[in-house]
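> Next comes the structure file target_23.cif, holding mmCIF, C-alpha atoms.
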```cif
data_coords
#
loop_
_atom_site.label_atom_id
_atom_site.label_comp_id
_atom_site.auth_asym_id
_atom_site.auth_seq_id
_atom_site.Cartn_x
_atom_site.Cartn_y
_atom_site.Cartn_z
CA MET A 154 18.42 5.56 0.81
CA ALA A 155 18.47 1.77 1.13
CA SER A 156 18.53 2.12 4.93
CA ALA A 157 15.71 4.68 4.84
CA VAL A 158 13.27 2.70 2.70
CA SER A 159 14.23 -0.69 4.18
CA ILE A 160 14.30 -0.11 7.96
CA GLY A 161 13.40 3.58 8.35
CA GLN A 162 16.90 4.86 9.21
CA ARG A 163 16.90 8.35 7.68
CA ASP A 164 19.85 9.90 9.52
CA ALA A 165 22.01 9.97 6.39
CA LEU A 166 19.39 11.70 4.22
CA THR A 167 19.88 15.43 3.70
CA GLU A 168 17.11 17.91 4.51
CA PRO A 169 16.85 19.14 0.87
CA LEU A 170 16.34 15.59 -0.34
CA GLN A 171 13.66 14.90 2.29
CA ARG A 172 11.93 18.15 1.27
CA ASP A 173 12.04 17.06 -2.39
CA TYR A 174 10.27 13.82 -1.46
CA SER A 175 7.71 15.75 0.56
CA LEU A 176 6.89 18.12 -2.29
CA SER A 177 6.84 15.30 -4.85
CA GLY A 178 4.33 13.28 -2.83
CA GLY A 179 6.81 10.49 -2.09
CA ALA A 180 7.57 11.20 1.57
CA HIS A 181 5.69 8.05 2.61
CA LEU A 182 8.33 5.96 0.84
CA LEU A 183 10.99 7.20 3.29
CA ALA A 184 8.98 6.07 6.33
CA VAL A 185 8.65 2.32 6.74
CA SER A 186 4.94 1.51 6.69
CA GLY A 187 2.42 -1.05 5.49
CA LEU A 188 3.70 -0.65 1.93
CA HIS A 189 7.16 -1.89 2.92
CA VAL A 190 5.79 -4.71 5.07
CA GLY A 191 3.68 -5.70 2.07
CA PHE A 192 6.85 -5.97 -0.03
CA ILE A 193 8.38 -8.29 2.58
CA PHE A 194 5.18 -10.32 2.79
CA ALA A 195 4.96 -10.81 -0.98
CA ILE A 196 8.65 -11.60 -1.49
CA LEU A 197 8.77 -14.16 1.34
CA ASN A 198 5.60 -15.86 0.11
CA LEU A 199 7.21 -16.17 -3.30
CA LEU A 200 10.58 -17.41 -2.02
CA LEU A 201 9.04 -19.95 0.37
CA SER A 202 6.32 -21.20 -1.99
CA PHE A 203 8.11 -24.56 -2.37
CA PHE A 204 7.11 -25.41 1.22
CA THR A 205 3.55 -25.97 0.00
CA LEU A 206 4.81 -29.12 -1.77
CA LEU A 207 5.70 -30.69 1.58
CA ARG A 208 3.35 -32.25 4.06
CA GLY A 209 2.55 -29.57 6.60
CA GLY A 210 4.64 -27.14 4.59
CA GLN A 211 1.94 -24.47 4.52
CA VAL A 212 2.06 -24.22 8.32
CA ILE A 213 5.88 -24.10 8.32
CA ARG A 214 5.87 -21.36 5.68
CA SER A 215 3.28 -19.32 7.60
CA VAL A 216 5.28 -19.56 10.84
CA MET A 217 8.47 -18.47 9.07
CA ILE A 218 6.75 -15.55 7.30
CA ILE A 219 4.99 -14.29 10.44
CA ALA A 220 8.23 -14.54 12.43
CA ALA A 221 10.12 -12.65 9.71
CA ILE A 222 7.46 -9.93 9.56
CA TRP A 223 7.68 -9.28 13.31
CA ILE A 224 11.49 -9.34 13.27
CA TYR A 225 11.25 -6.72 10.52
CA ALA A 226 8.82 -4.74 12.71
CA ALA A 227 11.37 -4.87 15.53
CA LEU A 228 14.09 -3.54 13.21
CA ALA A 229 11.74 -0.66 12.38
CA ASP A 230 11.32 0.13 16.12
CA PHE A 231 7.68 -1.03 16.22
CA SER A 232 6.33 2.19 14.74
CA PRO A 233 2.49 2.34 14.74
CA SER A 234 2.21 1.96 10.97
CA VAL A 235 4.53 -1.07 10.95
CA VAL A 236 2.73 -2.72 13.90
CA ARG A 237 -0.59 -2.19 12.12
CA ALA A 238 0.74 -3.68 8.90
CA ALA A 239 2.51 -6.57 10.66
CA THR A 240 -0.71 -7.47 12.50
CA MET A 241 -2.80 -7.29 9.32
CA PHE A 242 -0.42 -9.40 7.23
CA SER A 243 -0.07 -11.92 10.06
CA ILE A 244 -3.84 -12.35 10.12
CA MET A 245 -3.87 -12.65 6.33
CA GLN A 246 -1.16 -15.31 6.44
CA VAL A 247 -3.06 -17.33 9.06
CA ALA A 248 -6.24 -17.03 6.99
CA THR A 249 -4.34 -18.23 3.92
CA SER A 250 -3.09 -21.27 5.86
CA LEU A 251 -6.64 -22.07 6.95
CA TYR A 252 -7.97 -21.50 3.41
CA SER A 253 -10.41 -18.90 4.69
CA SER A 254 -11.13 -15.31 3.72
CA VAL A 255 -10.58 -12.11 5.67
CA ARG A 256 -12.62 -8.93 5.27
CA SER A 257 -9.93 -6.28 5.07
CA VAL A 258 -12.06 -3.43 6.42
CA ASN A 259 -13.02 -5.47 9.46
CA THR A 260 -9.39 -6.46 9.96
CA LEU A 261 -8.29 -2.82 9.80
CA ALA A 262 -10.93 -1.80 12.35
CA PHE A 263 -9.96 -4.71 14.63
CA ILE A 264 -6.29 -3.73 14.49
CA ALA A 265 -7.14 -0.10 15.28
CA PHE A 266 -9.22 -1.25 18.26
CA ILE A 267 -6.36 -3.39 19.63
CA MET A 268 -3.72 -0.68 19.15
CA LEU A 269 -5.85 2.02 20.78
CA THR A 270 -6.76 -0.30 23.64
CA ILE A 271 -3.08 -0.84 24.35
CA ASP A 272 -2.25 2.88 24.11
CA ALA A 273 -5.02 5.40 23.39
CA ARG A 274 -2.40 8.12 22.80
CA THR A 275 -1.59 6.43 19.50
CA LEU A 276 -4.71 8.11 18.10
CA HIS A 277 -2.84 11.45 18.12
CA ASP A 278 0.18 10.06 16.26
CA VAL A 279 0.31 11.57 12.75
CA GLY A 280 1.88 8.42 11.32
CA PHE A 281 -0.98 6.35 12.71
CA GLN A 282 -3.55 8.74 11.25
CA LEU A 283 -1.95 8.90 7.81
CA SER A 284 -1.48 5.15 7.68
CA PHE A 285 -5.06 4.30 8.53
CA LEU A 286 -6.52 7.01 6.32
CA SER A 287 -4.60 5.81 3.26
CA VAL A 288 -5.38 2.11 3.84
CA ALA A 289 -9.05 2.81 4.58
CA ALA A 290 -9.36 4.89 1.40
CA ILE A 291 -7.83 2.10 -0.67
CA LEU A 292 -10.15 -0.51 0.83
CA LEU A 293 -13.30 1.61 0.65
CA TRP A 294 -12.75 3.37 -2.69
CA VAL A 295 -10.33 1.35 -4.80
CA VAL A 296 -11.79 -2.12 -4.17
CA PRO A 297 -15.27 -1.23 -5.57
CA TYR A 298 -13.58 0.65 -8.42
CA THR A 299 -11.39 -2.39 -9.20
CA GLN A 300 -14.37 -4.74 -9.17
CA ALA A 301 -16.25 -2.43 -11.54
CA THR A 302 -13.35 -2.25 -14.02
CA ARG A 303 -12.96 -6.03 -13.88
CA GLN A 304 -16.58 -6.41 -14.97
CA LEU A 305 -16.09 -3.93 -17.82
CA LEU A 306 -13.02 -5.74 -19.18
CA PRO A 307 -14.18 -9.23 -20.22
CA SER A 308 -11.73 -11.62 -21.84
CA HIS A 309 -12.40 -14.45 -24.30
CA SER A 310 -8.85 -15.49 -25.24
CA MET A 311 -5.38 -15.85 -23.73
CA TRP A 312 -4.05 -12.60 -25.25
CA ARG A 313 -7.14 -10.66 -24.25
CA ASP A 314 -6.83 -12.10 -20.76
CA VAL A 315 -3.21 -10.92 -20.55
CA ALA A 316 -4.20 -7.47 -21.83
CA ARG A 317 -7.07 -7.35 -19.35
CA ARG A 318 -4.78 -8.22 -16.44
CA LEU A 319 -2.20 -5.59 -17.42
CA THR A 320 -4.91 -2.96 -17.87
CA GLN A 321 -6.46 -3.97 -14.56
CA ARG A 322 -3.16 -3.57 -12.70
CA ALA A 323 -2.47 -0.20 -14.32
CA LEU A 324 -5.93 1.08 -13.40
CA THR A 325 -5.54 -0.27 -9.87
CA ALA A 326 -2.18 1.49 -9.46
CA ILE A 327 -3.72 4.75 -10.60
CA GLY A 328 -6.70 4.24 -8.29
CA VAL A 329 -4.46 3.52 -5.29
CA SER A 330 -2.41 6.67 -5.98
CA ILE A 331 -5.49 8.87 -6.27
CA ALA A 332 -7.19 7.38 -3.20
CA ALA A 333 -4.14 7.59 -0.93
CA THR A 334 -3.36 11.14 -2.04
CA ALA A 335 -6.94 12.38 -1.68
CA ALA A 336 -7.39 10.78 1.73
CA THR A 337 -4.19 12.14 3.27
CA MET A 338 -3.87 15.54 1.56
CA PRO A 339 -6.08 17.49 4.04
CA LEU A 340 -4.21 16.09 7.04
CA VAL A 341 -0.81 16.64 5.40
CA SER A 342 -1.73 20.23 4.61
CA HIS A 343 -2.98 20.87 8.16
CA THR A 344 0.03 19.21 9.81
CA PHE A 345 2.95 19.99 7.50
CA GLY A 346 1.71 23.01 5.53
CA THR A 347 2.24 21.52 2.06
CA MET A 348 -0.06 20.20 -0.65
CA SER A 349 1.15 18.10 -3.58
CA LEU A 350 -0.60 16.35 -6.44
CA TRP A 351 2.60 14.76 -7.70
CA GLY A 352 1.88 11.65 -5.66
CA VAL A 353 -0.96 10.76 -8.03
CA LEU A 354 1.32 10.86 -11.06
CA LEU A 355 4.61 9.59 -9.65
CA SER A 356 3.47 6.83 -7.26
CA PRO A 357 3.02 4.26 -10.08
CA LEU A 358 6.71 4.89 -10.92
CA MET A 359 8.24 5.42 -7.48
CA VAL A 360 6.51 2.56 -5.66
CA PRO A 361 7.96 -0.16 -7.98
CA LEU A 362 11.40 1.45 -7.59
CA CYS A 363 10.99 1.33 -3.82
CA ALA A 364 9.97 -2.34 -4.08
CA ILE A 365 13.13 -3.06 -6.08
CA ILE A 366 15.30 -1.46 -3.39
CA VAL A 367 13.56 -3.27 -0.52
CA GLY A 368 13.48 -6.60 -2.39
CA THR A 369 17.12 -6.46 -3.45
CA THR A 370 18.20 -5.51 0.07
CA LEU A 371 16.18 -8.38 1.52
CA LEU A 372 17.61 -10.90 -0.97
CA TRP A 373 21.15 -9.70 -0.23
CA VAL A 374 20.57 -10.15 3.51
CA LEU A 375 19.15 -13.64 2.98
CA PHE A 376 21.76 -14.70 0.40
CA PRO A 377 25.00 -12.74 1.03
CA ILE A 378 26.91 -14.39 -1.83
CA ALA A 379 30.08 -12.41 -2.51
CA PRO A 380 30.02 -12.60 -6.36
CA LEU A 381 26.51 -11.11 -6.35
CA GLN A 382 27.42 -8.14 -4.17
CA GLY A 383 28.30 -5.92 -7.12
CA ILE A 384 25.05 -6.80 -8.92
CA ALA A 385 22.95 -6.06 -5.83
CA ALA A 386 24.76 -2.77 -5.23
CA TRP A 387 24.27 -1.73 -8.87
CA ILE A 388 20.52 -2.51 -8.80
CA ILE A 389 20.02 -0.58 -5.54
CA GLU A 390 22.07 2.35 -6.86
CA GLN A 391 20.16 2.59 -10.13
CA ALA A 392 16.76 2.37 -8.43
CA THR A 393 17.82 4.94 -5.82
CA GLU A 394 19.09 7.41 -8.41
CA ALA A 395 15.87 7.03 -10.39
CA MET A 396 13.73 7.71 -7.30
CA ASN A 397 15.83 10.69 -6.26
CA GLY A 398 15.77 12.06 -9.79
CA LEU A 399 11.97 11.90 -9.97
CA ALA A 400 11.59 13.55 -6.55
CA THR A 401 14.07 16.34 -7.32
CA TRP A 402 12.54 17.02 -10.75
CA ALA A 403 8.99 17.20 -9.38
CA ALA A 404 9.98 19.44 -6.46
CA GLY A 405 11.97 21.76 -8.75
CA SER A 406 9.26 22.04 -11.38
CA GLY A 407 7.20 24.46 -9.28
CA MET A 408 3.99 22.81 -10.48
CA LEU A 409 1.32 20.67 -8.76
CA TRP A 410 2.50 21.55 -5.26
CA ALA A 411 2.12 24.51 -2.94
CA GLU A 412 2.98 25.51 0.58
CA ALA A 413 -0.54 25.83 2.01
CA SER A 414 -1.94 25.06 5.44
CA ILE A 415 -5.64 24.59 6.21
CA SER A 416 -7.22 25.07 9.61
CA ARG A 417 -8.42 22.23 11.82
CA GLY A 418 -12.05 23.17 11.12
CA TRP A 419 -11.60 22.93 7.37
CA CYS A 420 -9.74 19.64 7.82
CA TYR A 421 -12.70 18.20 9.74
CA ALA A 422 -15.15 19.57 7.16
CA ILE A 423 -13.29 17.94 4.26
CA TYR A 424 -13.20 14.56 5.99
CA ILE A 425 -16.93 14.78 6.73
CA LEU A 426 -17.51 15.35 3.00
CA LEU A 427 -15.25 12.39 2.17
CA PHE A 428 -17.23 10.25 4.62
CA ILE A 429 -20.48 11.25 2.89
CA PHE A 430 -18.86 10.45 -0.48
CA THR A 431 -17.95 6.99 0.83
CA LEU A 432 -21.55 6.34 1.92
CA ILE A 433 -22.80 7.37 -1.54
CA LEU A 434 -20.21 5.11 -3.19
CA TRP A 435 -21.36 2.17 -1.06
CA ALA A 436 -25.01 2.88 -1.86
CA TRP A 437 -24.21 2.95 -5.58
CA GLU A 438 -21.82 -0.02 -5.59
CA LYS A 439 -24.07 -2.57 -3.90
CA PRO A 440 -27.09 -2.22 -6.23
CA SER A 441 -24.74 -2.17 -9.24
CA SER A 442 -23.11 -5.42 -8.09
CA SER A 443 -26.51 -7.01 -7.52
CA ARG A 444 -27.73 -6.04 -11.00
CA PHE A 445 -24.55 -7.39 -12.60
CA SER A 446 -24.91 -10.68 -10.69
CA ARG A 447 -28.52 -11.06 -11.81
CA GLN A 448 -27.59 -10.38 -15.45
CA LEU A 449 -24.75 -12.89 -15.30
CA HIS A 450 -27.07 -15.49 -13.76
CA ARG A 451 -29.62 -14.96 -16.56
CA LYS A 452 -26.93 -15.42 -19.23
CA GLU A 453 -25.81 -18.68 -17.61
CA GLU A 454 -29.41 -19.93 -17.60
#
```
What do you get writing this file as structure tokens?


Amino acid sequence: MASAVSIGQRDALTEPLQRDYSLSGGAHLLAVSGLHVGFIFAILNLLLSFFTLLRGGQVIRSVMIIAAIWIYAALADFSPSVVRAATMFSIMQVATSLYSSVRSVNTLAFIAFIMLTIDARTLHDVGFQLSFLSVAAILLWVVPYTQATRQLLPSHSMWRDVARRLTQRALTAIGVSIAATAATMPLVSHTFGTMSLWGVLLSPLMVPLCAIIVGTTLLWVLFPIAPLQGIAAWIIEQATEAMNGLATWAAGSGMLWAEASISRGWCYAIYILLFIFTLILWAWEKPSSSRFSRQLHRKEE
């Protein structure tokens, strides 16, 4: 399992276990993607944060992180989802070094343009389609939702601020699970013949467990200190057993999943409706943000 979620080597996984993950909505955790690259990106930024105290340290840290991300992409055989994520996080790291901002939707579209220019056949790769659909849904649906909940949860003290942050992260995790599941379910049903709602409920539990496995594996590779081997192995084993247990329980429950396949026409129709929903969400979100900004400006005056 550590090999599967860390570098995408799934040869040792049994077919029943892979089916359990598919029915439980956690199959994406077994395929190295942007989620796993994001773990690497966050962990390395944390470990190398001391470089910012040195003169020119920000540039050194960015070079090391970008190099590590692309070495990781090479270990994962440069799959489309990993290349997309490596490119996006590299651009984000450069932007961080330059103290500038990056519009994520524009970055995603730019990466898609580059990848399809290099090889247009990538468009027909299911991994490419699932990866971009899930990321686009998160950017287009969850970001406005997160901004709205942030406005509704004001804080006036330290404890309220802590509670607000915890609530915000919980709501964001739920929003990400719902968005990714809703965006990919039609394509998954059309391609693989299964539909599962377990991903909405279990992702907030399984994703942190996956992060623990990837993070512990990375730390062990970076710091192979013999006395810590037993501790690292125990952490990976416990997180793996917890993930497998959740997947097996959900798949064996017989609820919230079904073996159902939709036609290509219905798949297109559903995504057209989701596109219309996105346009409506944008039309509602922009005026709402403008009204909130005007009200805040009046209070400050």

> At what distance in Å, to one decimal, does CA of Ala332 in chain A lie from CA of Ser356 in chain A?

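According to the coordinates, CA of Ser356 in chain A and CA of Ala332 in chain A are separated by 11.4 Å.
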
> In Å, how far is it from CA of Val360 in chain A to CA of Thr320 in chain A?

17.6 Å

> Record the distance separating CA of Trp351 in chain A and CA of Ser177 in chain A, expressed in Å with one decimal.

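Separating CA of Trp351 in chain A from CA of Ser177 in chain A is a distance of 5.1 Å.
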
> With all atoms listed in the file as the atoms that count, which of A:Met338, A:Ala220, A:Leu269, A:Leu261 lies nearest to Phe285 in chain A?

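Smallest distance to Phe285 in chain A is found for A:Leu261.
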
> Could you name the residues that touch Asn397 in chain A at 10 Å or less, counting only C-alpha atoms, but leaving out those on the same chain fewer than 3 positions away, as a ChimeraX atom specification?

/A:154,170-171,173-174,179,359,391-394,400-403

> Kindly output range 398-409 of chain A as a compact mmCIF listing (two decimals), in the coordinates of the input, after building all heavy atoms.


```txt
# COMPACT_ATOMS: atom_id res chain seq x y z
N GLY A 398 15.92 11.20 -8.62
CA GLY A 398 15.77 12.06 -9.79
C GLY A 398 14.33 12.50 -10.00
O GLY A 398 14.06 13.68 -10.29
N LEU A 399 13.39 11.56 -9.84
CA LEU A 399 11.97 11.90 -9.97
C LEU A 399 11.54 12.90 -8.90
O LEU A 399 10.83 13.87 -9.19
CB LEU A 399 11.12 10.63 -9.88
CG LEU A 399 11.16 9.68 -11.08
CD1 LEU A 399 10.43 8.38 -10.76
CD2 LEU A 399 10.53 10.34 -12.30
N ALA A 400 11.97 12.66 -7.65
CA ALA A 400 11.59 13.55 -6.55
C ALA A 400 12.16 14.95 -6.75
O ALA A 400 11.45 15.95 -6.58
CB ALA A 400 12.07 12.96 -5.22
N THR A 401 13.43 15.04 -7.13
CA THR A 401 14.07 16.34 -7.32
C THR A 401 13.45 17.10 -8.49
O THR A 401 13.22 18.31 -8.42
CB THR A 401 15.58 16.17 -7.56
OG1 THR A 401 16.15 15.47 -6.43
CG2 THR A 401 16.27 17.50 -7.72
N TRP A 402 13.15 16.38 -9.58
CA TRP A 402 12.54 17.02 -10.75
C TRP A 402 11.15 17.57 -10.42
O TRP A 402 10.82 18.70 -10.78
CB TRP A 402 12.45 16.02 -11.89
CG TRP A 402 11.66 16.55 -13.06
CD1 TRP A 402 12.08 17.43 -14.01
CD2 TRP A 402 10.29 16.24 -13.35
NE1 TRP A 402 11.05 17.69 -14.89
CE2 TRP A 402 9.95 16.97 -14.52
CE3 TRP A 402 9.34 15.41 -12.77
CZ2 TRP A 402 8.68 16.90 -15.09
CZ3 TRP A 402 8.08 15.34 -13.33
CH2 TRP A 402 7.75 16.07 -14.48
N ALA A 403 10.34 16.77 -9.72
CA ALA A 403 8.99 17.20 -9.38
C ALA A 403 9.02 18.40 -8.44
O ALA A 403 8.26 19.36 -8.60
CB ALA A 403 8.21 16.05 -8.76
N ALA A 404 9.90 18.34 -7.43
CA ALA A 404 9.98 19.44 -6.46
C ALA A 404 10.49 20.72 -7.12
O ALA A 404 10.07 21.83 -6.76
CB ALA A 404 10.88 19.06 -5.30
N GLY A 405 11.40 20.60 -8.09
CA GLY A 405 11.97 21.76 -8.75
C GLY A 405 11.13 22.32 -9.88
O GLY A 405 11.41 23.41 -10.39
N SER A 406 10.08 21.59 -10.27
CA SER A 406 9.26 22.04 -11.38
C SER A 406 8.39 23.24 -11.02
O SER A 406 8.01 24.03 -11.88
CB SER A 406 8.36 20.90 -11.88
OG SER A 406 7.42 20.56 -10.87
N GLY A 407 8.05 23.36 -9.72
CA GLY A 407 7.20 24.46 -9.28
C GLY A 407 5.74 24.27 -9.61
O GLY A 407 4.92 25.17 -9.41
N MET A 408 5.38 23.09 -10.10
CA MET A 408 3.99 22.81 -10.48
C MET A 408 3.42 21.71 -9.57
O MET A 408 4.14 20.89 -9.02
CB MET A 408 3.90 22.35 -11.94
CG MET A 408 4.42 23.36 -12.95
SD MET A 408 4.22 22.77 -14.65
CE MET A 408 5.30 21.32 -14.62
N LEU A 409 2.09 21.71 -9.45
CA LEU A 409 1.32 20.67 -8.76
C LEU A 409 1.64 20.56 -7.27
O LEU A 409 1.29 19.57 -6.65
CB LEU A 409 1.53 19.31 -9.43
CG LEU A 409 1.10 19.21 -10.89
CD1 LEU A 409 1.31 17.78 -11.40
CD2 LEU A 409 -0.34 19.63 -11.08
```
